[in-house]
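Chemist: Let me begin by handing over the structure; questions about it come next.
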Amino acid sequence: MKTAVIIGGNQSGLNMARCLADVGFQVTLFEKKAQNEVAFDWTDDVDPTIFSTVGIPLPPERTYFKKKDWTFVNPSETVKITVHGGAQSEDISVYRRPLNDYLYGLACNKATIKYRTEVNSLIVEGKKVVGVTVGEEKIFCDLVVDCSGALSTFRASLPEETMIQRMPDKTELFYAYRGFFKAKDGVKAPEMTNKAYLRHGKKEGISWCIYHEGTADVLIGRIGGITEEEISDALNELKKDNPIIGEELVKAGFVSIIPVRYPISRMVADGYVLCGDSAFMTIPMMGSGIACSLDCGKMLADVLKRSDDCGVKNLWHYQVAFFKKYAAFTGVDLLKRWLLSTAAENVDFLFESGVIDEEMLANGVGGEGVKMPFGVMMKKGWLGRKRLGVLLQVAGIMSKSDKANALARNIPEEFDDEEAVKWQNRIDGLFNR
């Protein structure tokens with residue numbers, strides 16, 4: 001029987017443990033935290049079909065509620081566009097910690113799960129990962145699955161010859177303060193319950209306020225880092241447009257780090273696989289990644305069910321499956337980077353002129369490729385005629401986004417080291433110019 005070690009007891013790790021056990025692997029999962037400390041104590045939006053996709057029932061109804069429509073606000077707060085349909089129209093908002101408990105219940109009788117047990121390092125021989133060290137003990141295995149997060153020290157310790165990026169660039173990380181505040185007494189519940197502010201305060205990032213059952217869920221995020229002063233200033237600004245936000249902090253109230261970039265261009269090596277945030281499997285525009293992290297468990301299990309070979313040539317099929325399905329994340333990342341790098345007044349103009357509309361926002365936030373047929377382009381051209389230069393930039397970045405999606409989908413079907421490196425360099429090169 002082949003053996004697998006999983007590092008990290010979050011959603012991706014627990015689901016991976018179940019999936020690999022179901023295809024005949026002896027699985028041990030190590031999580032350094034206590035069980036009741038794993039996963040953030042808040043909600044994330046998830047496409048509910050992911051549960052049937054990975055072969056499990058929906059979580060109990062007490063663990064989620066139907067997501068409300070998002071409203072997007074431009075930097076100057078002159079335009080508010082509510083997205084009523086699109087890729088996220090059927091999403092549910094899932095409480096992450098109860099979801100973790102649910103996934104634990106599905107995995108605990110199939111895999112050995114050890115909490116409060118920290119993996120110290122990988123055991124590497126040449127370019128091959130052959131196990132992990134836990135305290136003084138060396139544990140050898142056929143496969144290590146790294147679910148330890150965006151700043152994985154294990155990924156960072158791999159030999160350069162594996163061609164796996166060690167650390168993301170600081171500009172690819174979203175530093176997000178999140179706090180849940182008791183709704184202010186005597187203030188009417190807002191009609192727009194979920195409001196996201198693009199380039200909030202004209203900074204590189206977003207903020208949001210979500211009202212649900214007497215609580216205002218506040219997120220204030222910045223690319224590359226955030227200070228206490230920035231959090232305080234942004235919170236005060238949010239309160240002006242969202243008087244429902246009270247003074248009492250109910251839970252959370254700290255900063256977390258989320259990858260907001262295209263998936264890592266090499267996520268496998270001999271005896272080693274990246275999954276979830278470790279592989280940057282999040283929708284680049286909003287940072288939501290639960291569905292992708294669950295999906296990759298099934299993808300890897302399907303590959304290993306056909307062949308339990310844990311070498312890079314077989315594991316490459318897992319990366320192929322992921323990029324074929326989520327290629328559009330690459331193009332969405334390019335759009336996101338442009339929106340964050342262009343002047344805030346350009347974003348204002350695109351909102352105010354109608355160039356950015358409900359359909360475009362729905363597709364981008366849902367992780368779908370943003371399409372602009374010729375007829376639509378002509379219409380946008382008329383709407384944006386007063387600032388043609390900005391519209392030409394949008395057209396250019398959307399053309400580049402389409403090419404990025406096509407390149408991501410055209411990942412080599414079989415592993416050849418030279419071809420894989422060539423494809424990887426082309427993908428990474430899109431973001432390094």
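FYI, nothing fancy with the structure tokens labels: chains A, B, ... in order, residues from 1 per chain, ligands from 1 as they appear.
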Contacts between region 124-146 of chain A and region 200-292 of chain A, please, where a residue of region 200-292 of chain A counts if it comes within 12 Å (with only C-alpha atoms); show its shortest atom pair and distance in Å to one decimal, rows by chain and ascending number, as CSV.
Modeler:
residue,atom,partner,partner_atom,distance
A:Met267,CA,A:Asp146,CA,9.8
A:Val268,CA,A:Val145,CA,9.4
A:Ala269,CA,A:Lys128,CA,7.0
A:Asp270,CA,A:Lys128,CA,4.7
A:Gly271,CA,A:Leu143,CA,4.5
A:Tyr272,CA,A:Val144,CA,4.9
A:Val273,CA,A:Val145,CA,4.8
A:Leu274,CA,A:Asp146,CA,4.9
A:Cys275,CA,A:Asp146,CA,6.1
A:Gly276,CA,A:Asp146,CA,8.5
A:Asp277,CA,A:Asp146,CA,9.4
A:Ser278,CA,A:Asp146,CA,6.7
A:Ala279,CA,A:Asp146,CA,8.7
A:Phe280,CA,A:Asp146,CA,11.8
Chemist: Applying 7 Å and only C-alpha atoms, which residues near Ala111 (chain A) remain after dropping the ones on its own chain fewer than 2 positions away? List them as a PyMOL selection string.
Modeler: chain A and resi 17-18+21+26-28+107-109+113
Chemist: Which residues in region 25-206 of chain A does DSSP call strand (DSSP E or B)? List them as a PyMOL selection string.
Modeler: chain A and resi 26-30+43-46+64-66+70-73+80-83+92-95+112-114+121-125+128-134+137-140+143-146+173-183+194-198+205-206
Chemist: Among region 203-387 of chain A, which residues does DSSP mark as helix (DSSP H, G or I) when it is run on the backbone? Keep the chain and numbering as in the structure and answer as number ranges by chain.
Modeler: A: 228-241, 276-279, 290-306, 312-326, 328-341, 344-353, 358-365, 374-383, 385-387
Chemist: Write out as JSON, numbers by chain each polymer residue whose atoms come within 6 Å of Thr71 (chain A), counting only C-alpha atoms; drop sequence neighbours fewer than 4 positions from it.
Modeler: {"A": [81, 82, 194, 195]}
Chemist: For the residues in the current selection, export N, CA, C and O atoms as a PDB file, in the first residue's frame.
Modeler:
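Here's the written file out31.pdb:
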ATOM      1  N   ILE A  81     -22.844  49.108  -8.524  1.00  0.00           N
ATOM      2  CA  ILE A  81     -23.386  48.136  -9.470  1.00  0.00           C
ATOM      3  C   ILE A  81     -23.648  46.832  -8.735  1.00  0.00           C
ATOM      4  O   ILE A  81     -22.716  46.214  -8.202  1.00  0.00           O
ATOM      5  N   THR A  82     -24.902  46.418  -8.687  1.00  0.00           N
ATOM      6  CA  THR A  82     -25.268  45.162  -8.036  1.00  0.00           C
ATOM      7  C   THR A  82     -25.284  44.042  -9.074  1.00  0.00           C
ATOM      8  O   THR A  82     -25.892  44.168 -10.133  1.00  0.00           O
ATOM      9  N   ASN A 194     -24.338  43.296   0.707  1.00  0.00           N
ATOM     10  CA  ASN A 194     -22.941  42.922   0.435  1.00  0.00           C
ATOM     11  C   ASN A 194     -22.313  43.972  -0.475  1.00  0.00           C
ATOM     12  O   ASN A 194     -22.535  43.972  -1.681  1.00  0.00           O
ATOM     13  N   LYS A 195     -21.512  44.861   0.102  1.00  0.00           N
ATOM     14  CA  LYS A 195     -20.911  45.924  -0.702  1.00  0.00           C
ATOM     15  C   LYS A 195     -19.386  45.785  -0.708  1.00  0.00           C
ATOM     16  O   LYS A 195     -18.759  45.706   0.366  1.00  0.00           O
TER      17      LYS A 195
END
Chemist: What's around Asp44 (chain A) at 7 Å? Count only C-alpha atoms, leave out sequence neighbours fewer than 6 positions away in its own chain, and write the answer as an MDAnalysis selection string.
Modeler: chainID A and resid 93:96 288
Chemist: Please save all heavy atoms of the selected residues as a short mmCIF file (atom, residue, chain, number, x, y, z; two decimals), in the first residue's frame.
Modeler:
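Once written, selection.cif looks like this:
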data_model
loop_
_atom_site.label_atom_id
_atom_site.label_comp_id
_atom_site.auth_asym_id
_atom_site.auth_seq_id
_atom_site.Cartn_x
_atom_site.Cartn_y
_atom_site.Cartn_z
N SER A 93 -22.77 31.02 1.43
CA SER A 93 -21.76 31.52 2.35
C SER A 93 -21.59 30.48 3.46
O SER A 93 -22.51 30.23 4.23
CB SER A 93 -22.18 32.87 2.94
OG SER A 93 -22.23 33.85 1.93
N VAL A 94 -20.40 29.87 3.50
CA VAL A 94 -20.13 28.76 4.41
C VAL A 94 -19.25 29.23 5.56
O VAL A 94 -18.26 29.93 5.35
CB VAL A 94 -19.42 27.61 3.66
CG1 VAL A 94 -19.12 26.46 4.61
CG2 VAL A 94 -20.26 27.12 2.50
N TYR A 95 -19.63 28.84 6.77
CA TYR A 95 -18.78 29.10 7.93
C TYR A 95 -17.59 28.14 7.88
O TYR A 95 -17.77 26.91 7.87
CB TYR A 95 -19.57 28.90 9.22
CG TYR A 95 -20.65 29.93 9.42
CD1 TYR A 95 -21.97 29.66 9.08
CD2 TYR A 95 -20.36 31.19 9.94
CE1 TYR A 95 -22.97 30.61 9.25
CE2 TYR A 95 -21.36 32.14 10.12
CZ TYR A 95 -22.67 31.85 9.77
OH TYR A 95 -23.64 32.79 9.93
N ARG A 96 -16.39 28.69 7.84
CA ARG A 96 -15.21 27.87 7.57
C ARG A 96 -14.92 26.85 8.67
O ARG A 96 -14.56 25.71 8.38
CB ARG A 96 -13.99 28.78 7.37
CG ARG A 96 -14.08 29.62 6.12
CD ARG A 96 -12.80 30.39 5.89
NE ARG A 96 -11.71 29.48 5.59
CZ ARG A 96 -10.94 29.59 4.50
NH1 ARG A 96 -11.16 30.55 3.63
NH2 ARG A 96 -9.95 28.75 4.30
N SER A 288 -11.23 34.03 -2.99
CA SER A 288 -11.98 32.85 -2.54
C SER A 288 -11.38 31.59 -3.14
O SER A 288 -11.14 31.53 -4.35
CB SER A 288 -13.45 32.99 -2.97
OG SER A 288 -14.18 31.86 -2.56
#
Chemist: Mind checking which residues fall within 8 Å of region 324-334 of chain A, counting only C-alpha atoms, ignoring those fewer than 4 positions away in the same chain, and posting them as a ChimeraX atom specification?
Modeler: /A:260-263,283-285,320,338,364,367-370,397-398,400-406,408-411,431
Chemist: Can you write just those residues out, N, CA and C atoms, as an mmCIF file, in the first residue's frame?
Modeler:
data_model
loop_
_atom_site.group_PDB
_atom_site.id
_atom_site.type_symbol
_atom_site.label_atom_id
_atom_site.label_comp_id
_atom_site.auth_asym_id
_atom_site.auth_seq_id
_atom_site.Cartn_x
_atom_site.Cartn_y
_atom_site.Cartn_z
ATOM 1 N N VAL A 260 -3.507 36.178 -4.005
ATOM 2 C CA VAL A 260 -4.442 36.666 -5.020
ATOM 3 C C VAL A 260 -3.674 36.743 -6.342
ATOM 4 N N ARG A 261 -3.449 35.582 -6.943
ATOM 5 C CA ARG A 261 -2.652 35.501 -8.151
ATOM 6 C C ARG A 261 -3.031 34.225 -8.913
ATOM 7 N N TYR A 262 -2.460 34.082 -10.078
ATOM 8 C CA TYR A 262 -2.704 32.885 -10.873
ATOM 9 C C TYR A 262 -2.122 31.656 -10.170
ATOM 10 N N PRO A 263 -2.626 30.453 -10.465
ATOM 11 C CA PRO A 263 -2.092 29.253 -9.812
ATOM 12 C C PRO A 263 -0.601 29.089 -10.087
ATOM 13 N N ILE A 283 -9.458 32.500 -6.481
ATOM 14 C CA ILE A 283 -9.907 33.410 -7.532
ATOM 15 C C ILE A 283 -9.149 34.719 -7.347
ATOM 16 N N PRO A 284 -8.338 35.136 -8.316
ATOM 17 C CA PRO A 284 -7.449 36.278 -8.097
ATOM 18 C C PRO A 284 -8.145 37.576 -7.728
ATOM 19 N N MET A 285 -9.401 37.762 -8.155
ATOM 20 C CA MET A 285 -10.069 39.041 -7.914
ATOM 21 C C MET A 285 -10.527 39.186 -6.469
ATOM 22 N N VAL A 320 -2.157 19.268 -14.959
ATOM 23 C CA VAL A 320 -2.848 19.452 -16.238
ATOM 24 C C VAL A 320 -4.347 19.589 -16.003
ATOM 25 N N TRP A 338 -4.070 45.033 -13.553
ATOM 26 C CA TRP A 338 -4.235 46.308 -14.235
ATOM 27 C C TRP A 338 -5.147 47.239 -13.433
ATOM 28 N N GLY A 364 -15.610 38.381 -13.783
ATOM 29 C CA GLY A 364 -14.303 38.548 -13.175
ATOM 30 C C GLY A 364 -14.254 38.063 -11.744
ATOM 31 N N GLY A 367 -14.290 34.302 -11.330
ATOM 32 C CA GLY A 367 -13.144 33.567 -11.832
ATOM 33 C C GLY A 367 -13.284 33.141 -13.273
ATOM 34 N N GLU A 368 -14.340 33.617 -13.952
ATOM 35 C CA GLU A 368 -14.534 33.287 -15.359
ATOM 36 C C GLU A 368 -13.757 34.285 -16.219
ATOM 37 N N GLY A 369 -13.396 33.852 -17.421
ATOM 38 C CA GLY A 369 -12.756 34.780 -18.346
ATOM 39 C C GLY A 369 -13.739 35.857 -18.773
ATOM 40 N N VAL A 370 -13.291 37.107 -18.831
ATOM 41 C CA VAL A 370 -14.145 38.211 -19.235
ATOM 42 C C VAL A 370 -14.082 38.340 -20.753
ATOM 43 N N ILE A 397 -5.490 44.920 -22.364
ATOM 44 C CA ILE A 397 -5.336 43.972 -21.266
ATOM 45 C C ILE A 397 -6.310 42.808 -21.414
ATOM 46 N N MET A 398 -7.474 43.045 -22.006
ATOM 47 C CA MET A 398 -8.412 41.952 -22.224
ATOM 48 C C MET A 398 -7.914 41.009 -23.314
ATOM 49 N N LYS A 400 -4.733 40.487 -23.916
ATOM 50 C CA LYS A 400 -3.665 39.760 -23.250
ATOM 51 C C LYS A 400 -4.243 38.696 -22.314
ATOM 52 N N SER A 401 -5.370 39.027 -21.676
ATOM 53 C CA SER A 401 -6.030 38.072 -20.784
ATOM 54 C C SER A 401 -6.508 36.841 -21.546
ATOM 55 N N ASP A 402 -7.099 37.065 -22.728
ATOM 56 C CA ASP A 402 -7.543 35.936 -23.558
ATOM 57 C C ASP A 402 -6.368 35.042 -23.952
ATOM 58 N N LYS A 403 -5.254 35.661 -24.312
ATOM 59 C CA LYS A 403 -4.074 34.881 -24.696
ATOM 60 C C LYS A 403 -3.526 34.102 -23.509
ATOM 61 N N ALA A 404 -3.585 34.711 -22.319
ATOM 62 C CA ALA A 404 -3.123 34.030 -21.109
ATOM 63 C C ALA A 404 -3.977 32.801 -20.811
ATOM 64 N N ASN A 405 -5.292 32.945 -20.973
ATOM 65 C CA ASN A 405 -6.185 31.805 -20.737
ATOM 66 C C ASN A 405 -5.879 30.668 -21.711
ATOM 67 N N ALA A 406 -5.661 31.027 -22.978
ATOM 68 C CA ALA A 406 -5.360 30.011 -23.988
ATOM 69 C C ALA A 406 -4.032 29.321 -23.674
ATOM 70 N N ALA A 408 -2.632 28.982 -20.705
ATOM 71 C CA ALA A 408 -2.819 28.133 -19.531
ATOM 72 C C ALA A 408 -3.493 26.813 -19.907
ATOM 73 N N ARG A 409 -4.488 26.896 -20.801
ATOM 74 C CA ARG A 409 -5.188 25.678 -21.220
ATOM 75 C C ARG A 409 -4.312 24.770 -22.069
ATOM 76 N N ASN A 410 -3.328 25.353 -22.739
ATOM 77 C CA ASN A 410 -2.457 24.576 -23.616
ATOM 78 C C ASN A 410 -1.236 24.025 -22.890
ATOM 79 N N ILE A 411 -1.394 23.724 -21.632
ATOM 80 C CA ILE A 411 -0.346 23.071 -20.854
ATOM 81 C C ILE A 411 -0.012 21.728 -21.506
ATOM 82 N N PHE A 431 3.653 37.803 -16.253
ATOM 83 C CA PHE A 431 3.506 38.603 -15.036
ATOM 84 C C PHE A 431 4.808 39.247 -14.583
#
Chemist: To one decimal in Å, tell me the separation between CA of Asn15 (chain A) and CA of Pro159 (chain A).
Modeler: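 According to the coordinates, CA of Asn15 (chain A) and CA of Pro159 (chain A) are separated by 27.7 Å.
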Chemist: So how far away is CA of His212 (chain A) from CA of Ser52 (chain A), in Å?
Modeler: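 If I compute the distance from CA of Ser52 (chain A) to CA of His212 (chain A), I get 26.8 Å.
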Chemist: With only C-alpha atoms as the atoms that count, which of A:Val390, A:Leu103, A:Val250, A:Ala301 lies nearest to Ala4 (chain A)?
Modeler: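 That would be A:Ala301, the residue with the smallest distance to Ala4 (chain A).
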Chemist: Please provide as a short mmCIF file (atom, residue, chain, number, x, y, z; two decimals) with N, CA and C atoms, in the first residue's frame all residues within 8 Å of Val54 (chain A), with the sequence filter that same-chain residues fewer than 4 positions apart are discarded (counting only C-alpha atoms).
Modeler:
data_model
loop_
_atom_site.label_atom_id
_atom_site.label_comp_id
_atom_site.auth_asym_id
_atom_site.auth_seq_id
_atom_site.Cartn_x
_atom_site.Cartn_y
_atom_site.Cartn_z
N ILE A 50 -19.75 22.17 -5.83
CA ILE A 50 -18.45 21.56 -5.61
C ILE A 50 -18.56 20.32 -4.73
N LEU A 294 -11.02 22.09 -2.65
CA LEU A 294 -11.71 20.81 -2.56
C LEU A 294 -11.58 20.04 -3.87
N ASP A 295 -11.73 20.75 -4.97
CA ASP A 295 -11.69 20.12 -6.29
C ASP A 295 -10.35 19.44 -6.55
N GLY A 297 -8.44 17.93 -4.59
CA GLY A 297 -8.36 16.62 -3.93
C GLY A 297 -8.87 15.52 -4.82
N LYS A 298 -10.00 15.75 -5.45
CA LYS A 298 -10.55 14.77 -6.38
C LYS A 298 -9.65 14.61 -7.60
#
Chemist: Tell me which of A:Ile244, A:Val5, A:Ala176, A:Ala291 sits closest to Glu230 (chain A), counting only C-alpha atoms.
Modeler: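 Looking only at the distances to Glu230 (chain A), the closest residue turns out to be A:Ala176.
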Chemist: Do you know which residues are at most 8 Å from Phe254 (chain A) counting only C-alpha atoms, after dropping those on the same chain fewer than 2 positions away, and could you put them as a ChimeraX atom specification?
Modeler: /A:177-179,252,256
Chemist: Ranking A:Thr171, A:Lys188, A:Glu237, A:Phe415 by minimum distance to Arg337 (chain A) and counting only C-alpha atoms, which one comes first?
Modeler: A:Thr171
Chemist: Using only C-alpha atoms, which of A:Leu173, A:Trp208, A:Lys182, A:Asp45 sits nearest Glu247 (chain A)?
Modeler: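 Smallest distance to Glu247 (chain A) is found for A:Lys182.
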Chemist: Using only C-alpha atoms for the distances, tell me which of A:Glu204, A:Asp217, A:Glu77, A:Glu118 is nearest to Glu31 (chain A).
Modeler: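 Among A:Glu204, A:Asp217, A:Glu77, A:Glu118, it is A:Glu118 that comes nearest to Glu31 (chain A).
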